[in-house]
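Structure below is coords18.txt: compact mmCIF, C-alpha atoms and all ligand atoms.
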```
# COMPACT_ATOMS: atom_id res chain seq x y z
CA MET A 1 0.00 0.00 0.00
CA ILE A 2 1.13 3.53 -0.75
CA ASP A 3 0.84 5.67 2.35
CA ARG A 4 -0.74 9.04 1.46
CA SER A 5 -2.17 9.61 4.91
CA ASN A 6 0.19 12.18 6.42
CA SER A 7 0.59 15.15 4.13
CA PRO A 8 -0.27 15.88 0.46
CA PRO A 9 1.66 13.39 -1.70
CA ARG A 10 4.81 14.71 -3.35
CA ALA A 11 6.13 13.22 -6.57
CA PHE A 12 9.09 14.10 -8.79
CA VAL A 13 10.89 13.60 -12.04
CA ILE A 14 14.62 13.08 -11.74
CA GLY A 15 17.17 13.16 -14.53
CA TRP A 16 20.46 14.73 -15.52
CA PRO A 17 19.92 17.10 -17.25
CA ILE A 18 16.22 17.56 -16.50
CA LYS A 19 15.23 21.10 -17.41
CA HIS A 20 13.53 20.10 -20.69
CA SER A 21 11.22 17.53 -19.10
CA ARG A 22 7.53 18.06 -19.89
CA SER A 23 6.44 15.74 -17.08
CA PRO A 24 5.81 18.58 -14.56
CA LEU A 25 3.47 20.23 -17.07
CA ILE A 26 1.53 16.98 -17.53
CA HIS A 27 1.23 15.97 -13.87
CA ASN A 28 0.49 19.47 -12.59
CA TYR A 29 -2.25 19.77 -15.24
CA TRP A 30 -3.85 16.58 -13.86
CA LEU A 31 -3.43 17.68 -10.23
CA ASN A 32 -5.24 20.95 -10.98
CA ASN A 33 -7.82 19.35 -13.23
CA LEU A 34 -8.75 16.66 -10.72
CA VAL A 35 -8.49 19.14 -7.82
CA LEU A 36 -6.13 16.89 -5.89
CA ALA A 37 -3.79 17.93 -3.11
CA GLY A 38 -0.21 17.06 -4.01
CA SER A 39 2.78 18.28 -5.93
CA TYR A 40 5.08 17.15 -8.72
CA GLU A 41 8.52 18.66 -9.04
CA ARG A 42 11.53 18.50 -11.32
CA LEU A 43 14.86 17.63 -9.66
CA GLU A 44 18.29 17.46 -11.22
CA ILE A 45 20.04 14.43 -9.72
CA ARG A 46 23.55 13.46 -10.80
CA PRO A 47 24.40 9.76 -11.21
CA ASP A 48 26.48 9.79 -8.01
CA GLU A 49 23.49 11.21 -6.09
CA LEU A 50 20.93 8.67 -7.31
CA GLU A 51 21.27 5.98 -4.67
CA GLY A 52 21.20 8.51 -1.81
CA PHE A 53 18.14 10.19 -3.27
CA LEU A 54 16.11 7.02 -3.89
CA SER A 55 17.05 5.51 -0.51
CA HIS A 56 15.46 8.34 1.46
CA LEU A 57 12.26 9.12 -0.42
CA GLN A 58 9.92 8.66 2.50
CA GLU A 59 11.94 10.91 4.82
CA LYS A 60 11.66 13.64 2.19
CA GLY A 61 7.87 13.17 1.96
CA PHE A 62 7.91 11.67 -1.54
CA VAL A 63 5.52 8.87 -2.58
CA GLY A 64 7.40 8.25 -5.81
CA GLY A 65 8.19 9.76 -9.17
CA ASN A 66 9.51 9.44 -12.68
CA VAL A 67 13.05 8.49 -13.55
CA THR A 68 14.55 9.59 -16.82
CA LEU A 69 17.92 9.60 -18.56
CA PRO A 70 20.52 8.56 -17.54
CA HIS A 71 19.04 6.85 -14.46
CA LYS A 72 16.55 4.25 -15.76
CA GLU A 73 18.86 1.23 -15.48
CA ALA A 74 20.56 2.28 -12.23
CA ALA A 75 17.18 2.97 -10.60
CA PHE A 76 16.01 -0.50 -11.65
CA GLN A 77 18.97 -2.00 -9.76
CA LEU A 78 17.93 -0.09 -6.64
CA CYS A 79 14.31 -1.30 -6.65
CA ALA A 80 13.31 -4.01 -4.16
CA LYS A 81 10.33 -4.99 -6.35
CA THR A 82 9.47 -4.34 -9.98
CA THR A 83 6.75 -5.24 -12.44
CA ALA A 84 7.46 -8.04 -14.90
CA THR A 85 7.77 -5.45 -17.69
CA ALA A 86 10.45 -3.49 -15.84
CA ALA A 87 12.28 -6.73 -15.02
CA HIS A 88 12.28 -7.71 -18.70
CA LEU A 89 13.61 -4.31 -19.75
CA ALA A 90 15.99 -4.00 -16.76
CA ALA A 91 14.97 -0.34 -16.61
CA VAL A 92 12.33 1.70 -14.75
CA ASN A 93 10.79 5.07 -15.54
CA THR A 94 8.31 5.10 -12.65
CA VAL A 95 9.01 4.37 -8.97
CA TRP A 96 6.95 4.42 -5.80
CA ILE A 97 7.22 3.42 -2.16
CA GLU A 98 5.03 0.51 -1.15
CA ASP A 99 5.20 -0.98 2.37
CA GLY A 100 8.43 0.95 2.85
CA GLN A 101 10.10 -0.54 -0.23
CA LEU A 102 11.16 1.06 -3.49
CA CYS A 103 9.11 -0.41 -6.36
CA GLY A 104 9.41 0.24 -10.08
CA ASP A 105 7.62 -0.10 -13.39
CA ASN A 106 8.44 0.73 -16.97
CA THR A 107 5.38 2.47 -18.38
CA ASP A 108 6.93 3.23 -21.78
CA VAL A 109 5.55 -0.12 -22.96
CA ALA A 110 1.97 0.65 -21.90
CA GLY A 111 2.36 4.23 -23.15
CA PHE A 112 3.38 3.12 -26.62
CA LEU A 113 0.51 0.62 -26.86
CA ALA A 114 -2.08 3.11 -25.58
CA CYS A 115 -0.83 5.67 -28.08
CA LEU A 116 -1.16 3.29 -31.05
CA ASP A 117 -4.54 2.05 -29.83
CA CYS A 118 -5.76 5.63 -29.72
CA GLU A 119 -4.14 7.07 -32.85
CA ALA A 120 -3.97 4.03 -35.15
CA GLN A 121 -6.98 2.02 -34.07
CA GLY A 122 -6.96 -1.61 -35.14
CA TRP A 123 -3.19 -1.57 -35.81
CA ASP A 124 -2.69 -4.88 -34.00
CA GLN A 125 -5.24 -6.68 -36.18
CA THR A 126 -3.00 -6.38 -39.21
CA CYS A 127 0.52 -6.06 -37.79
CA GLN A 128 2.38 -9.18 -38.92
CA THR A 129 5.69 -7.56 -39.85
CA ALA A 130 7.17 -4.61 -37.95
CA VAL A 131 10.27 -2.69 -38.99
CA VAL A 132 12.03 -1.27 -35.93
CA LEU A 133 14.66 1.40 -36.53
CA GLY A 134 17.29 1.42 -33.75
CA ALA A 135 18.42 -1.13 -31.18
CA GLY A 136 18.89 0.89 -27.95
CA GLY A 137 16.80 1.02 -24.78
CA ALA A 138 13.81 2.53 -26.56
CA ALA A 139 13.84 -0.23 -29.20
CA ARG A 140 13.87 -2.79 -26.41
CA ALA A 141 10.69 -1.28 -24.93
CA ILE A 142 8.96 -1.03 -28.32
CA VAL A 143 9.71 -4.62 -29.37
CA HIS A 144 8.59 -5.78 -25.92
CA ALA A 145 5.30 -3.90 -26.43
CA LEU A 146 4.78 -5.47 -29.85
CA MET A 147 5.36 -8.93 -28.37
CA LEU A 148 2.60 -8.33 -25.83
CA ARG A 149 0.10 -7.74 -28.64
CA SER A 150 0.31 -8.83 -32.27
CA LYS A 151 3.71 -10.60 -31.92
CA PRO A 152 4.88 -9.59 -35.38
CA ARG A 153 8.00 -10.72 -37.15
CA ILE A 154 10.61 -8.01 -36.39
CA LEU A 155 12.96 -6.55 -38.97
CA LEU A 156 15.50 -4.72 -36.83
CA VAL A 157 17.45 -2.00 -38.62
CA ASN A 158 20.51 -0.64 -36.83
CA ARG A 159 23.87 0.92 -37.63
CA THR A 160 25.86 -1.08 -35.07
CA ARG A 161 25.49 -4.81 -35.64
CA ALA A 162 26.67 -5.81 -32.15
CA ARG A 163 23.83 -3.83 -30.56
CA SER A 164 21.25 -5.52 -32.79
CA GLU A 165 22.67 -8.89 -31.84
CA ASP A 166 22.48 -8.01 -28.13
CA LEU A 167 18.86 -7.01 -28.49
CA ARG A 168 18.01 -10.15 -30.42
CA LEU A 169 19.64 -12.32 -27.72
CA HIS A 170 17.87 -10.43 -24.97
CA LEU A 171 14.46 -10.79 -26.63
CA ALA A 172 14.97 -14.44 -27.54
CA ARG A 173 15.31 -15.18 -23.82
CA GLN A 174 11.77 -13.89 -23.21
CA PHE A 175 9.74 -14.35 -26.35
CA ALA A 176 9.38 -16.75 -29.25
CA VAL A 177 10.15 -13.85 -31.53
CA GLU A 178 11.42 -13.98 -35.09
CA ILE A 179 13.95 -11.16 -35.50
CA LYS A 180 15.89 -10.46 -38.66
CA LEU A 181 18.83 -8.09 -38.37
CA CYS A 182 19.10 -5.62 -41.24
CA THR A 183 21.31 -2.76 -42.33
CA TRP A 184 20.17 0.72 -43.31
CA ALA A 185 21.26 -0.08 -46.88
CA GLU A 186 18.68 -2.88 -46.96
CA LEU A 187 15.85 -0.57 -45.94
CA PRO A 188 14.17 -0.25 -49.37
CA GLU A 189 13.45 -4.01 -49.54
CA VAL A 190 12.79 -4.23 -45.81
CA LEU A 191 10.03 -1.62 -46.11
CA GLU A 192 8.23 -3.55 -48.86
CA THR A 193 6.74 -6.04 -46.40
CA ALA A 194 6.13 -3.72 -43.44
CA ASP A 195 2.78 -3.38 -41.72
CA LEU A 196 4.30 -1.06 -39.12
CA VAL A 197 7.49 1.03 -39.05
CA VAL A 198 8.69 2.48 -35.73
CA ASN A 199 11.57 4.91 -35.36
CA THR A 200 13.15 4.39 -31.94
CA THR A 201 16.36 6.29 -32.73
CA SER A 202 16.99 9.91 -31.88
CA LEU A 203 17.30 10.74 -35.58
CA GLY A 204 14.89 13.51 -36.56
CA MET A 205 14.86 15.03 -33.08
CA VAL A 206 15.66 18.74 -32.78
CA GLY A 207 19.43 19.07 -32.60
CA GLN A 208 20.05 15.59 -34.08
CA PRO A 209 20.68 14.57 -37.68
CA GLN A 210 17.59 14.10 -39.87
CA LEU A 211 16.16 10.68 -40.63
CA HIS A 212 16.12 10.52 -44.41
CA ILE A 213 14.10 7.55 -45.60
CA ASP A 214 12.35 7.04 -48.89
CA LEU A 215 8.96 5.66 -47.87
CA ALA A 216 7.97 4.83 -51.45
CA PRO A 217 8.43 1.03 -51.00
CA LEU A 218 5.96 0.91 -48.08
CA PRO A 219 2.62 -0.73 -48.85
CA ALA A 220 -0.44 1.53 -48.56
CA ARG A 221 -1.61 -0.40 -45.46
CA ALA A 222 1.55 0.43 -43.49
CA ILE A 223 1.43 2.51 -40.32
CA VAL A 224 4.39 4.75 -39.44
CA SER A 225 5.22 5.60 -35.83
CA ASP A 226 7.95 7.87 -34.49
CA ILE A 227 8.71 8.03 -30.78
CA VAL A 228 10.40 11.43 -31.30
CA TYR A 229 8.04 14.25 -30.25
CA VAL A 230 10.28 17.30 -30.62
CA PRO A 231 9.45 18.51 -33.24
CA LEU A 232 5.81 17.48 -32.91
CA GLU A 233 5.74 16.41 -36.54
CA THR A 234 9.04 14.83 -37.52
CA GLU A 235 10.18 14.58 -41.11
CA LEU A 236 9.32 10.84 -41.00
CA VAL A 237 5.74 11.51 -39.88
CA ARG A 238 5.37 14.34 -42.38
CA MET A 239 6.58 12.15 -45.24
CA ALA A 240 4.23 9.33 -44.22
CA ARG A 241 1.25 11.69 -44.10
CA SER A 242 2.17 13.15 -47.46
CA ARG A 243 1.87 9.59 -48.80
CA ALA A 244 -1.55 9.31 -47.10
CA LEU A 245 -0.23 6.62 -44.73
CA ARG A 246 -1.46 6.49 -41.16
CA ALA A 247 1.27 8.13 -39.06
CA VAL A 248 1.62 8.56 -35.30
CA GLY A 249 4.01 11.03 -33.64
CA GLY A 250 5.72 10.50 -30.28
CA LEU A 251 3.65 12.84 -28.12
CA GLY A 252 0.90 10.30 -27.47
CA MET A 253 3.43 7.89 -25.99
CA LEU A 254 4.80 10.60 -23.68
CA LEU A 255 1.30 11.51 -22.46
CA ASN A 256 0.12 7.92 -22.02
CA GLN A 257 3.25 6.68 -20.21
CA ALA A 258 2.50 9.27 -17.52
CA VAL A 259 -0.94 7.83 -16.65
CA PRO A 260 0.02 4.79 -14.50
CA GLY A 261 2.51 6.77 -12.39
CA PHE A 262 0.01 9.52 -11.61
CA GLU A 263 -2.57 6.92 -10.57
CA LYS A 264 -0.05 5.21 -8.27
CA TRP A 265 1.11 8.38 -6.52
CA PHE A 266 -2.10 10.40 -6.34
CA GLY A 267 -4.78 7.67 -6.31
CA LYS A 268 -6.85 8.67 -9.35
CA ARG A 269 -6.53 7.53 -12.95
CA PRO A 270 -6.14 10.64 -15.14
CA GLN A 271 -7.29 11.08 -18.74
CA VAL A 272 -5.18 12.08 -21.73
CA THR A 273 -7.48 14.85 -22.95
CA ALA A 274 -7.35 17.05 -26.05
CA GLU A 275 -6.80 20.00 -23.70
CA LEU A 276 -3.70 18.36 -22.14
CA ARG A 277 -2.34 17.49 -25.56
CA ALA A 278 -2.82 21.09 -26.74
CA LEU A 279 -1.06 22.40 -23.61
CA VAL A 280 2.01 20.22 -24.14
CA GLU A 281 2.03 20.91 -27.89
CA ALA A 282 2.04 24.66 -27.19
CA ASP A 283 4.94 24.24 -24.77
CA ILE A 284 6.96 22.21 -27.26
CA THR A 285 6.25 24.65 -30.07
CA SER A 286 7.22 27.66 -27.95
CA THR A 287 10.42 26.14 -26.58
CA THR A 288 11.68 24.73 -29.88
CA ALA A 289 10.76 27.57 -32.24
CA GLY A 290 13.70 28.37 -34.49
CA LYS A 291 15.82 25.43 -33.35
CA ILE A 292 15.13 23.02 -36.20
P1 LIG B 301 17.74 4.97 -26.29
O1 LIG B 301 17.99 4.34 -24.96
O2 LIG B 301 16.93 6.24 -26.20
O3 LIG B 301 17.20 4.01 -27.30
P2 LIG B 301 20.43 4.67 -27.22
O4 LIG B 301 20.50 3.43 -26.40
O5 LIG B 301 21.55 5.61 -27.22
O6 LIG B 301 19.16 5.51 -26.79
O7 LIG B 301 20.07 4.22 -28.73
C1 LIG B 301 19.98 5.14 -29.75
C2 LIG B 301 19.68 4.40 -31.06
O8 LIG B 301 19.71 5.38 -32.11
C3 LIG B 301 20.71 3.35 -31.43
O9 LIG B 301 20.05 2.32 -32.13
C4 LIG B 301 21.65 4.11 -32.36
O10 LIG B 301 22.34 3.29 -33.28
P3 LIG B 301 23.74 2.59 -32.86
O11 LIG B 301 23.38 1.38 -32.04
O12 LIG B 301 24.38 2.25 -34.15
O13 LIG B 301 24.51 3.61 -32.07
C5 LIG B 301 20.68 4.99 -33.09
N1 LIG B 301 21.33 6.19 -33.63
C6 LIG B 301 21.65 7.31 -32.97
N2 LIG B 301 22.28 8.20 -33.80
C7 LIG B 301 22.36 7.57 -35.02
C8 LIG B 301 22.89 7.96 -36.30
N3 LIG B 301 23.46 9.16 -36.48
N4 LIG B 301 22.78 7.09 -37.32
C9 LIG B 301 22.18 5.88 -37.14
N5 LIG B 301 21.67 5.45 -35.95
C10 LIG B 301 21.75 6.29 -34.90
```
Mind turning this structure into structure tokens?
Ligand code: ATR
Amino acid sequence: MIDRSNSPPRAFVIGWPIKHSRSPLIHNYWLNNLVLAGSYERLEIRPDELEGFLSHLQEKGFVGGNVTLPHKEAAFQLCAKTTATAAHLAAVNTVWIEDGQLCGDNTDVAGFLACLDCEAQGWDQTCQTAVVLGAGGAARAIVHALMLRSKPRILLVNRTRARSEDLRLHLARQFAVEIKLCTWAELPEVLETADLVVNTTSLGMVGQPQLHIDLAPLPARAIVSDIVYVPLETELVRMARSRALRAVGGLGMLLNQAVPGFEKWFGKRPQVTAELRALVEADITSTTAGKI
């Protein structure tokens, strides 16, 4: 049980750096909207401060919080209990204190699925082959999510072969998944059979190199998803839409991954509303104007 009995629950997002996090905007919107007592604050915690911070949450009056880069794996190691999803990913983005113990979940998986369910309804009915771009931590969460639903064949496209092989090994330990490792040069033929394409790399993000892909080989049924949400419409999403393909940007995943944490800490399940989306979109637009 989470103890919220003493004073209004306090939650946090920790990272290093942390100043660009939109999580305070999201959680404070829900706190106000649901008229709940509580607070959600942004804290910059260096890697060498992490263990000390997470070991004394209750003394500081915290019920839990979000964990972002570069702490997701280290925080997982510090948890006494985790969900099965977090254990499979060996990373947490959401922690809470339950019966005095630090517990963790990885809600990126649920956030990605909720986002596709909402913005590309019926995607899992037809998703037999998924092309996943990238093989880092985000790719691990996305492939895990796909295995919980339509269990497609995965065509994994990554620059560094060793990382693709690591991910394949990791996934093979948990799922009966068919994963083919591909190079970027093979992308034109890889796209020909895709029902879903997901970009899990940082390419296309403000300040990063563009993701230049010719989407012409994609079948008309294909859905394109980008987990990048700054800019709101990446070049990949724009190109997909210009081909009249269904395309999903990364903002929905960000908004939906926040839902389970809020419910844990503050006791009410919040909604991802059009008003919340507009609020975060306005913030992203205003803080990134002129940086692309
Ligand atoms: P995350 O945990 O957010 O997934 P990461 O583990 O650093 O971040 O992974 C980033 C992914 O983007 C990797 O798949 C990386 O490819 P490599 O494994 O070859 O490094 C990919 N990526 C980043 N910059 C890239 C670039 N300029 N070209 C191709 N792939 C890139």
- Residue nearest Asn66 of chain A - candidates A:Lys264, A:Arg221, A:Arg153, A:Arg238, atoms counted: all atoms listed in the file: A:Lys264
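Our summary of the geometry notes that atom CA of Thr129 of chain A is positioned 12.9 Å from atom CA of Glu189 of chain A.
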- From A:Cys103, A:Thr201, A:Gly64, A:Lys151, residue lying nearest Thr83 of chain A [only C-alpha atoms]: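 Of all the options, A:Cys103 lies closest to Thr83 of chain A.
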Find the spatial neighbours of Pro270 of chain A, counting all atoms listed in the file, within a cut-off of 12 Å - ignore same-chain residues fewer than 4 positions away - and output them as a compact mmCIF listing (two decimals) with C-alpha atoms, keeping the file's coordinate frame.
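Saved to around_23.txt:
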```txt
# COMPACT_ATOMS: atom_id res chain seq x y z
CA ILE A 26 1.53 16.98 -17.53
CA HIS A 27 1.23 15.97 -13.87
CA ASN A 28 0.49 19.47 -12.59
CA TYR A 29 -2.25 19.77 -15.24
CA TRP A 30 -3.85 16.58 -13.86
CA LEU A 31 -3.43 17.68 -10.23
CA ASN A 32 -5.24 20.95 -10.98
CA ASN A 33 -7.82 19.35 -13.23
CA LEU A 34 -8.75 16.66 -10.72
CA VAL A 35 -8.49 19.14 -7.82
CA LEU A 36 -6.13 16.89 -5.89
CA LEU A 255 1.30 11.51 -22.46
CA ASN A 256 0.12 7.92 -22.02
CA GLN A 257 3.25 6.68 -20.21
CA ALA A 258 2.50 9.27 -17.52
CA VAL A 259 -0.94 7.83 -16.65
CA PRO A 260 0.02 4.79 -14.50
CA GLY A 261 2.51 6.77 -12.39
CA PHE A 262 0.01 9.52 -11.61
CA GLU A 263 -2.57 6.92 -10.57
CA LYS A 264 -0.05 5.21 -8.27
CA TRP A 265 1.11 8.38 -6.52
CA PHE A 266 -2.10 10.40 -6.34
CA LEU A 276 -3.70 18.36 -22.14
```
- Which is closest to Thr200 of chain A among A:Glu178, A:Asp108, A:Asp124, A:Glu119, if we use all atoms listed in the file?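 Smallest separation from Thr200 of chain A among the options: A:Asp108.
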- Can you tell me which residues sit at most 12 Å away from ligand LIG 301 (chain B), counting all atoms listed in the file, written as a count of residues only? 57
- Query: By how many Å are atom CA of Gln271 of chain A and atom CA of Gly252 of chain A apart?
  - Reply: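 We find that atom CA of Gln271 of chain A and atom CA of Gly252 of chain A lie 12.0 Å from each other.
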- Starting from the point (5.1, 2.6, -50.8), work out which residues of protein, DNA or RNA have an atom no more than 10 Å away when counting all atoms listed in the file; state them as a ChimeraX atom specification. /A:188,191-194,214-222,240,243,245
- Check the smallest atom-to-atom distance from each of A:Ser225, A:Gln101, A:Thr82, A:Thr273 to Leu113 of chain A using all atoms listed in the file, then report the winner. A:Ser225
Counting only C-alpha atoms, write as an mmCIF file with C-alpha atoms, in the frame of the given file all protein and nucleic acid residues lying at most 10 Å from (11.0, 13.5, -13.1) in the file's frame.
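Output file point_37.cif is given in full below:
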```
data_model
loop_
_atom_site.group_PDB
_atom_site.id
_atom_site.type_symbol
_atom_site.label_atom_id
_atom_site.label_comp_id
_atom_site.auth_asym_id
_atom_site.auth_seq_id
_atom_site.Cartn_x
_atom_site.Cartn_y
_atom_site.Cartn_z
ATOM 1 C CA ALA A 11 6.130 13.220 -6.570
ATOM 2 C CA PHE A 12 9.090 14.100 -8.790
ATOM 3 C CA VAL A 13 10.890 13.600 -12.040
ATOM 4 C CA ILE A 14 14.620 13.080 -11.740
ATOM 5 C CA GLY A 15 17.170 13.160 -14.530
ATOM 6 C CA TRP A 16 20.460 14.730 -15.520
ATOM 7 C CA ILE A 18 16.220 17.560 -16.500
ATOM 8 C CA LYS A 19 15.230 21.100 -17.410
ATOM 9 C CA SER A 21 11.220 17.530 -19.100
ATOM 10 C CA ARG A 22 7.530 18.060 -19.890
ATOM 11 C CA SER A 23 6.440 15.740 -17.080
ATOM 12 C CA PRO A 24 5.810 18.580 -14.560
ATOM 13 C CA TYR A 40 5.080 17.150 -8.720
ATOM 14 C CA GLU A 41 8.520 18.660 -9.040
ATOM 15 C CA ARG A 42 11.530 18.500 -11.320
ATOM 16 C CA LEU A 43 14.860 17.630 -9.660
ATOM 17 C CA GLU A 44 18.290 17.460 -11.220
ATOM 18 C CA ILE A 45 20.040 14.430 -9.720
ATOM 19 C CA GLY A 64 7.400 8.250 -5.810
ATOM 20 C CA GLY A 65 8.190 9.760 -9.170
ATOM 21 C CA ASN A 66 9.510 9.440 -12.680
ATOM 22 C CA VAL A 67 13.050 8.490 -13.550
ATOM 23 C CA THR A 68 14.550 9.590 -16.820
ATOM 24 C CA LEU A 69 17.920 9.600 -18.560
ATOM 25 C CA ASN A 93 10.790 5.070 -15.540
ATOM 26 C CA THR A 94 8.310 5.100 -12.650
#
```
- Message: For a quick check of understanding, using all atoms listed in the file, which of A:Arg149, A:His144, A:Arg277, A:Arg10 has the smallest distance to Thr126 of chain A?
- Response: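 Smallest separation from Thr126 of chain A among the options: A:Arg149.
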- Task: Check the smallest atom-to-atom distance from each of A:Ala130, A:Leu236, A:Ala75, A:Leu146 to Ala114 of chain A using all atoms listed in the file, then report the winner.
- Result: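 Ranking A:Ala130, A:Leu236, A:Ala75, A:Leu146 by distance to Ala114 of chain A, first place goes to A:Leu146.
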- Have a look at atom CA of Ala176 of chain A and atom CA of Ala110 of chain A and let me know their distance in Å, one decimal.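 Distance reported for this atom pair: 20.3 Å.
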Quick one: 4 Å padding each side, axis-aligned, all listed atoms of segment 170-182 of chain A - centre and edge lengths in Å to one decimal, as JSON?
```
{"center_x": 14.2, "center_y": -11.2, "center_z": -32.2, "size_x": 17.7, "size_y": 19.1, "size_z": 26.0}
```
- Message: Excluding Val224 of chain A and its own-chain neighbours fewer than 5 positions away, which residues fall within 7 Å of it when counting only C-alpha atoms? Please give them as JSON, numbers by chain.
- Response: {"A": [196, 197, 198, 237, 240, 246, 247, 248]}
Completed segment 162-169 of chain A (all heavy atoms) as a compact mmCIF listing (two decimals), in the coordinates of the input:
```txt
# COMPACT_ATOMS: atom_id res chain seq x y z
N ALA A 162 26.55 -5.16 -33.47
CA ALA A 162 26.67 -5.81 -32.15
C ALA A 162 25.48 -5.46 -31.26
O ALA A 162 25.00 -6.29 -30.48
CB ALA A 162 27.96 -5.37 -31.49
N ARG A 163 24.98 -4.23 -31.38
CA ARG A 163 23.83 -3.83 -30.56
C ARG A 163 22.58 -4.57 -30.99
O ARG A 163 21.76 -4.96 -30.16
CB ARG A 163 23.60 -2.33 -30.67
CG ARG A 163 24.44 -1.57 -29.70
CD ARG A 163 24.02 -0.15 -29.67
NE ARG A 163 23.49 0.22 -28.37
CZ ARG A 163 22.99 1.41 -28.11
NH1 ARG A 163 22.93 2.33 -29.05
NH2 ARG A 163 22.55 1.68 -26.92
N SER A 164 22.41 -4.76 -32.30
CA SER A 164 21.25 -5.52 -32.79
C SER A 164 21.31 -6.94 -32.27
O SER A 164 20.31 -7.53 -31.87
CB SER A 164 21.25 -5.60 -34.32
OG SER A 164 21.28 -4.33 -34.88
N GLU A 165 22.52 -7.49 -32.29
CA GLU A 165 22.67 -8.89 -31.84
C GLU A 165 22.35 -9.00 -30.35
O GLU A 165 21.70 -9.95 -29.93
CB GLU A 165 24.07 -9.40 -32.16
CG GLU A 165 24.18 -9.75 -33.62
CD GLU A 165 25.60 -10.01 -34.12
OE1 GLU A 165 26.55 -9.87 -33.33
OE2 GLU A 165 25.72 -10.33 -35.32
N ASP A 166 22.79 -8.02 -29.57
CA ASP A 166 22.48 -8.01 -28.13
C ASP A 166 20.98 -7.99 -27.92
O ASP A 166 20.45 -8.72 -27.08
CB ASP A 166 23.07 -6.75 -27.46
CG ASP A 166 24.55 -6.91 -27.21
OD1 ASP A 166 25.07 -8.02 -27.45
OD2 ASP A 166 25.19 -5.92 -26.80
N LEU A 167 20.31 -7.14 -28.67
CA LEU A 167 18.86 -7.01 -28.49
C LEU A 167 18.16 -8.30 -28.89
O LEU A 167 17.25 -8.77 -28.20
CB LEU A 167 18.33 -5.81 -29.30
CG LEU A 167 16.83 -5.55 -29.18
CD1 LEU A 167 16.41 -5.35 -27.72
CD2 LEU A 167 16.43 -4.30 -29.98
N ARG A 168 18.62 -8.90 -29.97
CA ARG A 168 18.01 -10.15 -30.42
C ARG A 168 18.17 -11.24 -29.35
O ARG A 168 17.23 -11.95 -29.01
CB ARG A 168 18.62 -10.62 -31.74
CG ARG A 168 17.99 -11.94 -32.19
CD ARG A 168 18.22 -12.26 -33.62
NE ARG A 168 19.63 -12.48 -33.93
CZ ARG A 168 20.08 -12.78 -35.14
NH1 ARG A 168 19.25 -12.87 -36.15
NH2 ARG A 168 21.36 -12.96 -35.35
N LEU A 169 19.38 -11.33 -28.79
CA LEU A 169 19.64 -12.32 -27.72
C LEU A 169 18.75 -12.08 -26.52
O LEU A 169 18.14 -13.00 -25.97
CB LEU A 169 21.09 -12.19 -27.26
CG LEU A 169 22.10 -13.12 -27.90
CD1 LEU A 169 23.49 -12.84 -27.32
CD2 LEU A 169 21.72 -14.57 -27.62
```
